[in-house]
>>> print(open('query_31.json').read())   # JSON, C-alpha atoms
[["chain", "number", "residue", "atom", "x", "y", "z"],
["P", 1, "MET", "CA", 24.25, -38.94, -47.17],
["P", 2, "VAL", "CA", 24.09, -38.01, -43.51],
["P", 3, "ASN", "CA", 26.43, -35.24, -42.37],
["P", 4, "ARG", "CA", 27.70, -34.34, -38.93],
["P", 5, "GLU", "CA", 25.42, -31.34, -38.59],
["P", 6, "LEU", "CA", 22.31, -33.47, -39.11],
["P", 7, "LEU", "CA", 23.59, -36.06, -36.63],
["P", 8, "ASP", "CA", 24.14, -33.34, -34.01],
["P", 9, "ARG", "CA", 20.64, -32.02, -34.59],
["P", 10, "CYS", "CA", 19.25, -35.55, -34.14],
["P", 11, "ARG", "CA", 21.23, -36.03, -30.93],
["P", 12, "ARG", "CA", 19.89, -32.74, -29.55],
["P", 13, "GLY", "CA", 16.39, -34.00, -30.33],
["P", 14, "GLU", "CA", 15.65, -31.09, -32.65],
["P", 15, "PRO", "CA", 12.15, -31.38, -34.11],
["P", 16, "GLY", "CA", 12.17, -32.76, -37.65],
["P", 17, "ALA", "CA", 15.86, -33.75, -37.60],
["P", 18, "PHE", "CA", 15.32, -37.50, -37.33],
["P", 19, "GLU", "CA", 12.58, -37.33, -39.97],
["P", 20, "GLU", "CA", 15.11, -35.69, -42.29],
["P", 21, "LEU", "CA", 17.58, -38.47, -41.54],
["P", 22, "VAL", "CA", 14.90, -41.06, -42.44],
["P", 23, "GLU", "CA", 14.14, -39.16, -45.64],
["P", 24, "ARG", "CA", 17.81, -39.19, -46.66],
["P", 25, "THR", "CA", 18.56, -42.84, -45.84],
["P", 26, "GLN", "CA", 15.27, -44.64, -46.43],
["P", 27, "ARG", "CA", 16.14, -45.97, -49.91],
["P", 28, "GLN", "CA", 19.37, -47.62, -48.79],
["P", 29, "VAL", "CA", 17.82, -48.93, -45.57],
["P", 30, "TYR", "CA", 14.76, -50.34, -47.30],
["P", 31, "THR", "CA", 16.89, -51.89, -50.07],
["P", 32, "LEU", "CA", 19.09, -53.72, -47.56],
["P", 33, "ALA", "CA", 16.04, -54.87, -45.59],
["P", 34, "TYR", "CA", 14.44, -56.13, -48.80],
["P", 35, "ARG", "CA", 17.58, -57.95, -49.89],
["P", 36, "LEU", "CA", 17.87, -59.66, -46.53],
["P", 37, "THR", "CA", 14.24, -60.67, -46.15],
["P", 38, "GLY", "CA", 13.23, -61.10, -49.80],
["P", 39, "ASP", "CA", 9.73, -59.82, -49.03],
["P", 40, "ARG", "CA", 8.35, -56.29, -49.36],
["P", 41, "HIS", "CA", 6.13, -56.35, -46.25],
["P", 42, "GLU", "CA", 8.82, -57.87, -44.07],
["P", 43, "ALA", "CA", 11.31, -55.38, -45.48],
["P", 44, "GLU", "CA", 9.10, -52.49, -44.38],
["P", 45, "ASP", "CA", 8.71, -53.96, -40.87],
["P", 46, "VAL", "CA", 12.47, -54.48, -40.60],
["P", 47, "ALA", "CA", 13.28, -50.98, -41.90],
["P", 48, "GLN", "CA", 10.80, -49.37, -39.47],
["P", 49, "GLU", "CA", 12.14, -51.40, -36.56],
["P", 50, "ALA", "CA", 15.69, -50.44, -37.54],
["P", 51, "TYR", "CA", 14.81, -46.73, -37.44],
["P", 52, "LEU", "CA", 13.21, -47.12, -34.00],
["P", 53, "ARG", "CA", 16.34, -48.86, -32.73],
["P", 54, "ALA", "CA", 18.58, -46.22, -34.34],
["P", 55, "PHE", "CA", 16.50, -43.46, -32.73],
["P", 56, "ARG", "CA", 16.87, -45.08, -29.30],
["P", 57, "SER", "CA", 20.63, -45.60, -29.63],
["P", 58, "MET", "CA", 21.69, -42.39, -31.37],
["P", 59, "GLY", "CA", 23.74, -41.52, -28.29],
["P", 60, "GLY", "CA", 25.71, -44.74, -28.69],
["P", 61, "PHE", "CA", 26.92, -43.91, -32.18],
["P", 62, "ARG", "CA", 30.64, -43.20, -32.26],
["P", 63, "GLU", "CA", 31.95, -40.79, -34.85],
["P", 64, "ASP", "CA", 34.88, -43.09, -35.74],
["P", 65, "ALA", "CA", 32.51, -45.21, -37.85],
["P", 66, "ARG", "CA", 30.51, -44.06, -40.85],
["P", 67, "PHE", "CA", 26.91, -43.44, -39.85],
["P", 68, "GLU", "CA", 25.60, -45.47, -42.80],
["P", 69, "THR", "CA", 27.71, -48.50, -41.74],
["P", 70, "TRP", "CA", 26.34, -48.22, -38.21],
["P", 71, "LEU", "CA", 22.80, -47.97, -39.55],
["P", 72, "TYR", "CA", 23.34, -50.99, -41.85],
["P", 73, "ARG", "CA", 24.38, -53.07, -38.85],
["P", 74, "ILE", "CA", 21.17, -52.11, -37.08],
["P", 75, "VAL", "CA", 19.13, -53.08, -40.16],
["P", 76, "THR", "CA", 21.00, -56.39, -40.37],
["P", 77, "ASN", "CA", 20.37, -57.08, -36.72],
["P", 78, "ALA", "CA", 16.67, -56.26, -37.05],
["P", 79, "ALA", "CA", 16.41, -58.50, -40.13],
["P", 80, "MET", "CA", 18.14, -61.40, -38.36],
["P", 81, "THR", "CA", 15.76, -61.01, -35.40],
["P", 82, "GLN", "CA", 12.78, -61.01, -37.75],
["P", 83, "LEU", "CA", 13.98, -64.04, -39.72],
["P", 84, "ARG", "CA", 14.75, -65.93, -36.52],
["P", 85, "ARG", "CA", 11.34, -65.07, -35.02],
["P", 86, "LYS", "CA", 9.62, -66.37, -38.11],
["P", 87, "GLY", "CA", 11.68, -69.56, -38.05],
["P", 88, "ARG", "CA", 13.35, -68.61, -41.29],
["P", 89, "PHE", "CA", 16.83, -68.45, -39.88],
["P", 90, "GLY", "CA", 18.93, -71.22, -38.38],
["P", 91, "VAL", "CA", 19.32, -74.93, -38.64],
["P", 92, "LEU", "CA", 15.81, -75.55, -39.97],
["P", 93, "MET", "CA", 16.54, -73.65, -43.14],
["P", 94, "THR", "CA", 19.33, -75.56, -44.78],
["P", 95, "GLU", "CA", 20.33, -75.96, -48.37],
["P", 96, "GLU", "CA", 18.00, -78.88, -48.99],
["P", 97, "ARG", "CA", 14.99, -76.65, -48.49],
["P", 98, "GLU", "CA", 16.08, -73.98, -50.91],
["P", 99, "GLN", "CA", 13.84, -73.46, -53.89],
["P", 100, "ARG", "CA", 15.37, -75.34, -56.74],
["P", 101, "ALA", "CA", 15.01, -73.52, -60.03],
["P", 102, "PRO", "CA", 15.69, -75.38, -63.27],
["P", 103, "GLU", "CA", 19.39, -75.27, -64.06],
["P", 104, "PRO", "CA", 20.27, -73.08, -67.06],
["P", 105, "GLU", "CA", 22.24, -74.31, -70.00],
["P", 106, "VAL", "CA", 25.97, -73.84, -69.60],
["P", 107, "ARG", "CA", 26.62, -70.27, -70.69],
["P", 108, "PRO", "CA", 29.81, -68.75, -72.05],
["P", 109, "VAL", "CA", 32.15, -67.45, -69.37],
["P", 110, "ASP", "CA", 32.43, -63.98, -70.88],
["P", 111, "GLU", "CA", 28.65, -63.42, -71.03],
["P", 112, "VAL", "CA", 27.69, -60.62, -68.65],
["P", 113, "ILE", "CA", 25.32, -61.54, -65.80],
["P", 114, "GLU", "CA", 22.13, -59.50, -66.03],
["P", 115, "ARG", "CA", 20.98, -57.94, -62.76],
["P", 116, "ASP", "CA", 17.53, -59.49, -63.07],
["P", 117, "GLU", "CA", 19.04, -62.93, -63.41],
["P", 118, "LEU", "CA", 21.19, -62.33, -60.37],
["P", 119, "ARG", "CA", 18.21, -61.07, -58.36],
["P", 120, "ARG", "CA", 16.22, -64.18, -59.29],
["P", 121, "ALA", "CA", 19.13, -66.43, -58.36],
["P", 122, "LEU", "CA", 19.46, -64.67, -54.99],
["P", 123, "ALA", "CA", 15.71, -64.96, -54.38],
["P", 124, "GLY", "CA", 16.01, -68.72, -54.82],
["P", 125, "LEU", "CA", 18.39, -69.06, -51.87],
["P", 126, "SER", "CA", 17.20, -69.66, -48.32],
["P", 127, "PRO", "CA", 16.84, -66.44, -46.27],
["P", 128, "GLU", "CA", 19.80, -67.39, -44.11],
["P", 129, "THR", "CA", 22.13, -68.14, -47.00],
["P", 130, "ARG", "CA", 20.95, -65.09, -48.93],
["P", 131, "ALA", "CA", 21.48, -62.79, -45.93],
["P", 132, "ILE", "CA", 25.04, -64.03, -45.49],
["P", 133, "VAL", "CA", 26.05, -63.76, -49.15],
["P", 134, "VAL", "CA", 24.40, -60.33, -49.53],
["P", 135, "LEU", "CA", 26.15, -58.94, -46.45],
["P", 136, "LYS", "CA", 29.52, -60.24, -47.61],
["P", 137, "ASP", "CA", 29.49, -59.80, -51.38],
["P", 138, "VAL", "CA", 27.17, -56.81, -51.81],
["P", 139, "TYR", "CA", 27.81, -54.79, -48.64],
["P", 140, "GLY", "CA", 31.37, -55.91, -47.92],
["P", 141, "LEU", "CA", 30.94, -56.88, -44.26],
["P", 142, "SER", "CA", 33.70, -59.10, -42.91],
["P", 143, "VAL", "CA", 33.11, -62.76, -42.01],
["P", 144, "GLN", "CA", 33.68, -61.80, -38.37],
["P", 145, "GLU", "CA", 31.02, -59.05, -38.46],
["P", 146, "ILE", "CA", 28.51, -61.37, -40.12],
["P", 147, "ALA", "CA", 29.22, -64.09, -37.55],
["P", 148, "GLN", "CA", 28.51, -61.59, -34.76],
["P", 149, "GLU", "CA", 25.25, -60.40, -36.27],
["P", 150, "ALA", "CA", 24.03, -63.88, -37.18],
["P", 151, "GLY", "CA", 25.13, -65.57, -33.95],
["P", 152, "LEU", "CA", 27.17, -68.12, -35.91],
["P", 153, "THR", "CA", 30.82, -69.13, -35.78],
["P", 154, "GLU", "CA", 33.14, -67.72, -38.44],
["P", 155, "GLY", "CA", 33.59, -71.26, -39.79],
["P", 156, "ALA", "CA", 29.83, -71.65, -40.18],
["P", 157, "VAL", "CA", 29.61, -68.33, -42.03],
["P", 158, "LYS", "CA", 32.44, -69.35, -44.41],
["P", 159, "LEU", "CA", 30.76, -72.67, -45.11],
["P", 160, "ARG", "CA", 27.42, -71.02, -45.92],
["P", 161, "LEU", "CA", 29.17, -68.43, -48.05],
["P", 162, "HIS", "CA", 30.94, -71.11, -50.05],
["P", 163, "ARG", "CA", 27.68, -73.02, -50.57],
["P", 164, "ALA", "CA", 25.80, -69.87, -51.52],
["P", 165, "ARG", "CA", 28.35, -68.83, -54.14],
["P", 166, "LYS", "CA", 28.42, -72.34, -55.54],
["P", 167, "ARG", "CA", 24.61, -72.37, -55.80],
["P", 168, "LEU", "CA", 24.59, -68.93, -57.42],
["P", 169, "LYS", "CA", 27.18, -69.99, -59.98],
["P", 170, "GLU", "CA", 25.18, -73.12, -60.75],
["P", 171, "LYS", "CA", 21.99, -71.11, -61.15],
["P", 172, "LEU", "CA", 23.68, -68.56, -63.41],
["P", 173, "TYR", "CA", 26.07, -70.71, -65.39],
["P", 174, "GLY", "CA", 24.72, -74.23, -65.02],
["P", 175, "ALA", "CA", 26.66, -77.20, -63.65],
["P", 176, "HIS", "CA", 30.35, -77.07, -64.46],
["P", 177, "PRO", "CA", 32.97, -79.73, -64.05],
["P", 178, "GLY", "CA", 35.80, -77.79, -62.32],
["P", 179, "HIS", "CA", 37.67, -79.39, -59.42],
["P", 180, "GLU", "CA", 35.92, -78.96, -56.07],
["P", 181, "GLU", "CA", 39.12, -78.59, -54.04],
["P", 182, "ILE", "CA", 40.28, -75.80, -56.37],
["P", 183, "ARG", "CA", 36.86, -74.10, -56.22],
["P", 184, "GLU", "CA", 37.09, -73.97, -52.43],
["P", 185, "ARG", "CA", 40.37, -72.08, -52.69],
["P", 186, "LEU", "CA", 39.26, -69.45, -55.19],
["P", 187, "PRO", "CA", 38.30, -66.80, -52.56],
["P", 188, "GLU", "CA", 41.79, -67.11, -51.06],
["P", 189, "TYR", "CA", 43.31, -66.95, -54.55],
["P", 190, "VAL", "CA", 41.55, -63.71, -55.45],
["P", 191, "GLY", "CA", 42.70, -62.23, -52.15],
["P", 192, "GLU", "CA", 39.65, -62.42, -49.89],
["O", 193, "MET", "CA", 53.52, -70.04, -50.69],
["O", 194, "ARG", "CA", 54.20, -73.33, -52.44],
["O", 195, "GLU", "CA", 50.51, -74.17, -52.24],
["O", 196, "TYR", "CA", 49.67, -70.84, -53.85],
["O", 197, "GLU", "CA", 52.10, -71.52, -56.69],
["O", 198, "ASP", "CA", 50.63, -74.98, -57.16],
["O", 199, "LEU", "CA", 47.19, -73.38, -57.40],
["O", 200, "GLU", "CA", 48.44, -70.90, -59.99],
["O", 201, "VAL", "CA", 49.99, -73.68, -62.06],
["O", 202, "HIS", "CA", 46.77, -75.66, -61.87],
["O", 203, "LEU", "CA", 44.65, -72.70, -62.94],
["O", 204, "ALA", "CA", 46.99, -72.04, -65.84],
["O", 205, "THR", "CA", 46.79, -75.61, -67.09],
["O", 206, "CYS", "CA", 43.22, -76.70, -66.29],
["O", 207, "PRO", "CA", 40.71, -74.94, -68.60],
["O", 208, "GLU", "CA", 37.74, -76.02, -66.46],
["O", 209, "CYS", "CA", 39.13, -74.51, -63.26],
["O", 210, "ALA", "CA", 40.29, -71.40, -65.17],
["O", 211, "ALA", "CA", 36.71, -70.98, -66.43],
["O", 212, "ASP", "CA", 35.50, -71.49, -62.87],
["O", 213, "LEU", "CA", 37.79, -68.69, -61.69],
["O", 214, "ALA", "CA", 36.49, -66.38, -64.45],
["O", 215, "ARG", "CA", 32.89, -67.17, -63.39],
["O", 216, "TYR", "CA", 33.76, -66.54, -59.77],
["O", 217, "ARG", "CA", 35.22, -63.12, -60.61],
["O", 218, "GLU", "CA", 32.25, -62.26, -62.79],
["O", 219, "LEU", "CA", 29.84, -63.23, -60.01],
["O", 220, "MET", "CA", 31.73, -61.15, -57.43],
["O", 221, "SER", "CA", 31.71, -58.15, -59.74],
["O", 222, "ALA", "CA", 27.96, -58.54, -60.43],
["O", 223, "MET", "CA", 27.22, -58.88, -56.71],
["O", 224, "SER", "CA", 29.15, -55.76, -55.74],
["O", 225, "SER", "CA", 27.43, -53.79, -58.51],
["O", 226, "LEU", "CA", 24.11, -54.45, -56.72],
["O", 227, "ARG", "CA", 25.24, -52.09, -53.98],
["O", 228, "ASP", "CA", 24.58, -49.06, -56.19],
["O", 229, "GLU", "CA", 21.07, -50.20, -56.97],
["O", 230, "VAL", "CA", 18.30, -49.02, -54.66],
["O", 231, "GLN", "CA", 14.71, -50.10, -54.21],
["O", 232, "GLU", "CA", 12.12, -47.39, -53.70],
["O", 233, "PRO", "CA", 10.37, -47.86, -50.34],
["O", 234, "PRO", "CA", 6.56, -48.13, -50.46],
["O", 235, "VAL", "CA", 4.63, -44.85, -50.63],
["O", 236, "GLY", "CA", 4.20, -43.27, -47.17],
["O", 237, "PHE", "CA", 7.05, -45.24, -45.63],
["O", 238, "SER", "CA", 8.75, -42.27, -43.97],
["O", 239, "ASP", "CA", 5.38, -41.04, -42.63],
["O", 240, "ARG", "CA", 4.75, -44.44, -41.03],
["O", 241, "VAL", "CA", 8.20, -44.35, -39.41],
["O", 242, "ALA", "CA", 7.47, -40.86, -38.07],
["O", 243, "LEU", "CA", 4.12, -42.11, -36.73],
["O", 244, "ARG", "CA", 5.74, -45.02, -34.92],
["O", 245, "LEU", "CA", 8.32, -42.69, -33.41],
["O", 246, "ALA", "CA", 5.60, -40.30, -32.27],
["O", 247, "ARG", "CA", 3.60, -43.16, -30.73],
["O", 248, "ARG", "CA", 6.68, -44.38, -28.92],
["O", 249, "ASP", "CA", 7.33, -40.86, -27.64],
["O", 250, "LEU", "CA", 3.74, -40.60, -26.42],
["O", 251, "ARG", "CA", 4.03, -43.97, -24.66],
["O", 252, "VAL", "CA", 7.22, -42.85, -22.88],
["O", 253, "ARG", "CA", 5.60, -39.55, -21.81],
["O", 254, "ALA", "CA", 2.45, -41.34, -20.66],
["O", 255, "GLY", "CA", 4.61, -43.74, -18.65],
["O", 256, "LEU", "CA", 6.45, -40.87, -16.99],
["O", 257, "ARG", "CA", 3.18, -39.06, -16.29],
["O", 258, "ARG", "CA", 1.71, -42.23, -14.74],
["O", 259, "MET", "CA", 4.79, -42.57, -12.56],
["O", 260, "ALA", "CA", 4.57, -38.95, -11.47],
["O", 261, "HIS", "CA", 0.95, -39.39, -10.36],
["O", 262, "ASP", "CA", 1.32, -42.83, -8.83],
["O", 263, "ARG", "CA", 1.00, -42.91, -5.01],
["O", 264, "ARG", "CA", 3.65, -45.64, -4.86],
["O", 265, "THR", "CA", 6.15, -43.30, -6.57],
["O", 266, "HIS", "CA", 5.41, -40.65, -3.92],
["O", 267, "VAL", "CA", 5.86, -43.14, -1.08],
["O", 268, "ALA", "CA", 9.11, -44.44, -2.62],
["O", 269, "ALA", "CA", 10.42, -40.89, -3.14],
["O", 270, "ALA", "CA", 9.51, -39.95, 0.47],
["O", 271, "SER", "CA", 11.21, -43.10, 1.77],
["O", 272, "VAL", "CA", 14.40, -42.44, -0.19],
["O", 273, "GLY", "CA", 14.36, -38.78, 0.93],
["O", 274, "GLY", "CA", 13.82, -39.78, 4.55],
["O", 275, "ALA", "CA", 16.60, -42.33, 4.43],
["O", 276, "LEU", "CA", 19.01, -39.79, 2.93],
["O", 277, "LEU", "CA", 18.13, -37.19, 5.59],
["O", 278, "GLY", "CA", 18.57, -39.78, 8.36],
["O", 279, "ALA", "CA", 21.94, -40.89, 6.97],
["O", 280, "GLY", "CA", 23.03, -37.23, 6.73],
["O", 281, "ALA", "CA", 22.04, -36.53, 10.33],
["O", 282, "ILE", "CA", 23.88, -39.60, 11.60],
["O", 283, "GLY", "CA", 26.95, -38.63, 9.58],
["O", 284, "LEU", "CA", 26.87, -35.10, 11.01],
["O", 285, "LEU", "CA", 26.57, -36.36, 14.61],
["O", 286, "TRP", "CA", 29.45, -38.77, 14.06],
["O", 287, "TRP", "CA", 31.61, -36.07, 12.55],
["O", 288, "ARG", "CA", 30.93, -33.68, 15.44],
["O", 289, "ALA", "CA", 31.64, -36.37, 18.00],
["O", 290, "ARG", "CA", 35.06, -37.07, 16.43],
["O", 291, "ARG", "CA", 36.11, -33.38, 16.33],
["O", 292, "PRO", "CA", 38.85, -32.67, 18.89],
["O", 293, "VAL", "CA", 37.69, -30.44, 21.72],
["O", 294, "ARG", "CA", 39.63, -27.17, 21.93],
["O", 295, "VAL", "CA", 40.80, -26.18, 25.38],
["O", 296, "ALA", "CA", 41.00, -22.42, 25.93]]
>>> encode(input="query_31.json", output="structure tokens")
Amino acid sequence: MVNRELLDRCRRGEPGAFEELVERTQRQVYTLAYRLTGDRHEAEDVAQEAYLRAFRSMGGFREDARFETWLYRIVTNAAMTQLRRKGRFGVLMTEEREQRAPEPEVRPVDEVIERDELRRALAGLSPETRAIVVLKDVYGLSVQEIAQEAGLTEGAVKLRLHRARKRLKEKLYGAHPGHEEIRERLPEYVGE
Amino acid sequence: MREYEDLEVHLATCPECAADLARYRELMSAMSSLRDEVQEPPVGFSDRVALRLARRDLRVRAGLRRMAHDRRTHVAAASVGGALLGAGAIGLLWWRARRPVRVA
């Protein structure tokens, strides 16, 4: 957790202050970078780049937002840049190119999803789709914020989100015969 | 509103869609629980960040030092200084010329 006093010390350029900030936030920053890129080396590059950008723009941070949220947006932006540079983000990476894992047997609805299973299912998505679903469903960013970071329209983000959740459910529960038009309305039904 | 009620009725009467809703909720809950889970960064990560920051700092300082010793910077600074002095002198002359002359 980063408090106001540490932020002030960083802004004044006090020796060791930014290093302390890195020490306190590195786990969360690296975890997000890893979830977005799906690769340990790329995650380290993204996390380092994010800290450099944060260091440069410390003066631009407004106290009305939580520092961690601000930092997460920088990490997201750095990850999107990295994925785009490596051609792993955008129209080239569509659903057809996602790694297709064998579908599991249909499992009971009340069976709890293990974290490992969920991680594997996420790893099987394309980087673009994974980034969008992680930002929305794990970190709680709004569709509008994701659209801004990803350079997509809100409609495009919603479409990818719908596809990603459908793929995740298929990977975790197997194919199920519910009605497609009802499935599309479930986010609205649960109040999203 | 009507559409929402229709959806509720459908979910109450269609076991497949009701199961789909339960799966959806379960998935959302599992996804949000990932937020609490953290990955340990590789050993030496924070040192490497500090090193990159220090290198960047050195580059900025070296750039400033180069600028300070560059003849072109001196010429540019002298030109800007000269221009400012000239503009000041012209302004002063103009201001004095416009001042009403006092008759004793």
>>> interface_residues(input="query_31.json", of="chain O", to="chain P", cutoff="7 Å", atoms="all atoms listed in the file", output="list of chain:residue names")
O:Glu208, O:Cys209, O:Ala211, O:Asp212, O:Leu213, O:Ala214, O:Arg215, O:Met220, O:Ala222, O:Met223, O:Ser224, O:Leu226, O:Arg227, O:Val230, O:Gln231, O:Glu232, O:Pro233, O:Ser238, O:Val241, O:Ala242, O:Leu245
>>> atom_distance(input="query_31.json", atom1="CA of Phe67 in chain P", atom2="CA of Arg11 in chain P")
12.9 Å
>>> atom_distance(input="query_31.json", atom1="CA of Ala121 in chain P", atom2="CA of Met80 in chain P")
20.6 Å
>>> atom_distance(input="query_31.json", atom1="CA of Arg53 in chain P", atom2="CA of Ile74 in chain P")
7.3 Å
>>> closest_residue(input="query_31.json", among="O:His266, O:Tyr216, O:Glu229, O:Ala275", to="Asp116 in chain P", atoms="all atoms listed in the file")
O:Glu229
>>> axis_aligned_box(input="query_31.json", around="range 268-273 of chain O", padding_each_side="6 Å", output="lines of an AutoDock Vina configuration file")
center_x = 11.8
center_y = -41.6
center_z = -0.7
size_x = 17.3
size_y = 17.7
size_z = 16.9
>>> residues_around(input="query_31.json", residues="Leu161 in chain P", least_positions_apart="2", cutoff="8 Å", atoms="all atoms listed in the file", output="MDAnalysis selection string")
chainID P and resid 129 132:133 157:159 163:165
>>> write_last_selection(input="query_31.json", atoms="C-alpha atoms", output="tab-separated table (two decimals), in the frame of the given file")
chain	number	residue	atom	x	y	z
P	129	THR	CA	22.13	-68.14	-47.00
P	132	ILE	CA	25.04	-64.03	-45.49
P	133	VAL	CA	26.05	-63.76	-49.15
P	157	VAL	CA	29.61	-68.33	-42.03
P	158	LYS	CA	32.44	-69.35	-44.41
P	159	LEU	CA	30.76	-72.67	-45.11
P	163	ARG	CA	27.68	-73.02	-50.57
P	164	ALA	CA	25.80	-69.87	-51.52
P	165	ARG	CA	28.35	-68.83	-54.14
>>> build_atoms(input="query_31.json", residues="range 272-292 of chain O", atoms="N, CA and C atoms", output="PDB file, keeping the file's coordinate frame")
ATOM      1  N   VAL O 272      12.999 -42.685   0.192  1.00  0.00           N
ATOM      2  CA  VAL O 272      14.400 -42.440  -0.190  1.00  0.00           C
ATOM      3  C   VAL O 272      14.880 -41.125   0.424  1.00  0.00           C
ATOM      4  N   GLY O 273      14.007 -40.082   0.358  1.00  0.00           N
ATOM      5  CA  GLY O 273      14.360 -38.780   0.930  1.00  0.00           C
ATOM      6  C   GLY O 273      14.601 -38.897   2.429  1.00  0.00           C
ATOM      7  N   GLY O 274      13.693 -39.592   3.107  1.00  0.00           N
ATOM      8  CA  GLY O 274      13.820 -39.780   4.550  1.00  0.00           C
ATOM      9  C   GLY O 274      15.102 -40.501   4.908  1.00  0.00           C
ATOM     10  N   ALA O 275      15.393 -41.546   4.165  1.00  0.00           N
ATOM     11  CA  ALA O 275      16.600 -42.330   4.430  1.00  0.00           C
ATOM     12  C   ALA O 275      17.848 -41.464   4.238  1.00  0.00           C
ATOM     13  N   LEU O 276      17.847 -40.651   3.182  1.00  0.00           N
ATOM     14  CA  LEU O 276      19.010 -39.790   2.930  1.00  0.00           C
ATOM     15  C   LEU O 276      19.196 -38.760   4.048  1.00  0.00           C
ATOM     16  N   LEU O 277      18.065 -38.174   4.493  1.00  0.00           N
ATOM     17  CA  LEU O 277      18.130 -37.190   5.590  1.00  0.00           C
ATOM     18  C   LEU O 277      18.673 -37.836   6.857  1.00  0.00           C
ATOM     19  N   GLY O 278      18.130 -39.041   7.162  1.00  0.00           N
ATOM     20  CA  GLY O 278      18.570 -39.780   8.360  1.00  0.00           C
ATOM     21  C   GLY O 278      20.059 -40.056   8.303  1.00  0.00           C
ATOM     22  N   ALA O 279      20.519 -40.551   7.109  1.00  0.00           N
ATOM     23  CA  ALA O 279      21.940 -40.890   6.970  1.00  0.00           C
ATOM     24  C   ALA O 279      22.794 -39.631   7.140  1.00  0.00           C
ATOM     25  N   GLY O 280      22.304 -38.506   6.612  1.00  0.00           N
ATOM     26  CA  GLY O 280      23.030 -37.230   6.730  1.00  0.00           C
ATOM     27  C   GLY O 280      23.149 -36.809   8.185  1.00  0.00           C
ATOM     28  N   ALA O 281      22.041 -36.934   8.923  1.00  0.00           N
ATOM     29  CA  ALA O 281      22.040 -36.530  10.330  1.00  0.00           C
ATOM     30  C   ALA O 281      23.005 -37.395  11.141  1.00  0.00           C
ATOM     31  N   ILE O 282      22.970 -38.707  10.868  1.00  0.00           N
ATOM     32  CA  ILE O 282      23.880 -39.600  11.600  1.00  0.00           C
ATOM     33  C   ILE O 282      25.330 -39.242  11.296  1.00  0.00           C
ATOM     34  N   GLY O 283      25.597 -38.995  10.006  1.00  0.00           N
ATOM     35  CA  GLY O 283      26.950 -38.630   9.580  1.00  0.00           C
ATOM     36  C   GLY O 283      27.418 -37.362  10.275  1.00  0.00           C
ATOM     37  N   LEU O 284      26.517 -36.371  10.379  1.00  0.00           N
ATOM     38  CA  LEU O 284      26.870 -35.100  11.010  1.00  0.00           C
ATOM     39  C   LEU O 284      27.188 -35.282  12.479  1.00  0.00           C
ATOM     40  N   LEU O 285      26.349 -36.094  13.175  1.00  0.00           N
ATOM     41  CA  LEU O 285      26.570 -36.360  14.610  1.00  0.00           C
ATOM     42  C   LEU O 285      27.913 -37.052  14.811  1.00  0.00           C
ATOM     43  N   TRP O 286      28.198 -38.007  13.939  1.00  0.00           N
ATOM     44  CA  TRP O 286      29.450 -38.770  14.060  1.00  0.00           C
ATOM     45  C   TRP O 286      30.641 -37.853  13.855  1.00  0.00           C
ATOM     46  N   TRP O 287      30.508 -36.988  12.858  1.00  0.00           N
ATOM     47  CA  TRP O 287      31.610 -36.070  12.550  1.00  0.00           C
ATOM     48  C   TRP O 287      31.864 -35.098  13.696  1.00  0.00           C
ATOM     49  N   ARG O 288      30.776 -34.629  14.315  1.00  0.00           N
ATOM     50  CA  ARG O 288      30.930 -33.680  15.440  1.00  0.00           C
ATOM     51  C   ARG O 288      31.529 -34.373  16.650  1.00  0.00           C
ATOM     52  N   ALA O 289      31.135 -35.647  16.837  1.00  0.00           N
ATOM     53  CA  ALA O 289      31.640 -36.370  18.000  1.00  0.00           C
ATOM     54  C   ALA O 289      33.141 -36.626  17.877  1.00  0.00           C
ATOM     55  N   ARG O 290      33.639 -36.772  16.644  1.00  0.00           N
ATOM     56  CA  ARG O 290      35.060 -37.070  16.430  1.00  0.00           C
ATOM     57  C   ARG O 290      35.932 -35.815  16.462  1.00  0.00           C
ATOM     58  N   ARG O 291      35.323 -34.628  16.380  1.00  0.00           N
ATOM     59  CA  ARG O 291      36.110 -33.380  16.330  1.00  0.00           C
ATOM     60  C   ARG O 291      36.835 -33.159  17.664  1.00  0.00           C
ATOM     61  N   PRO O 292      38.140 -32.878  17.616  1.00  0.00           N
ATOM     62  CA  PRO O 292      38.850 -32.670  18.890  1.00  0.00           C
ATOM     63  C   PRO O 292      38.326 -31.432  19.635  1.00  0.00           C
TER      64      PRO O 292
END
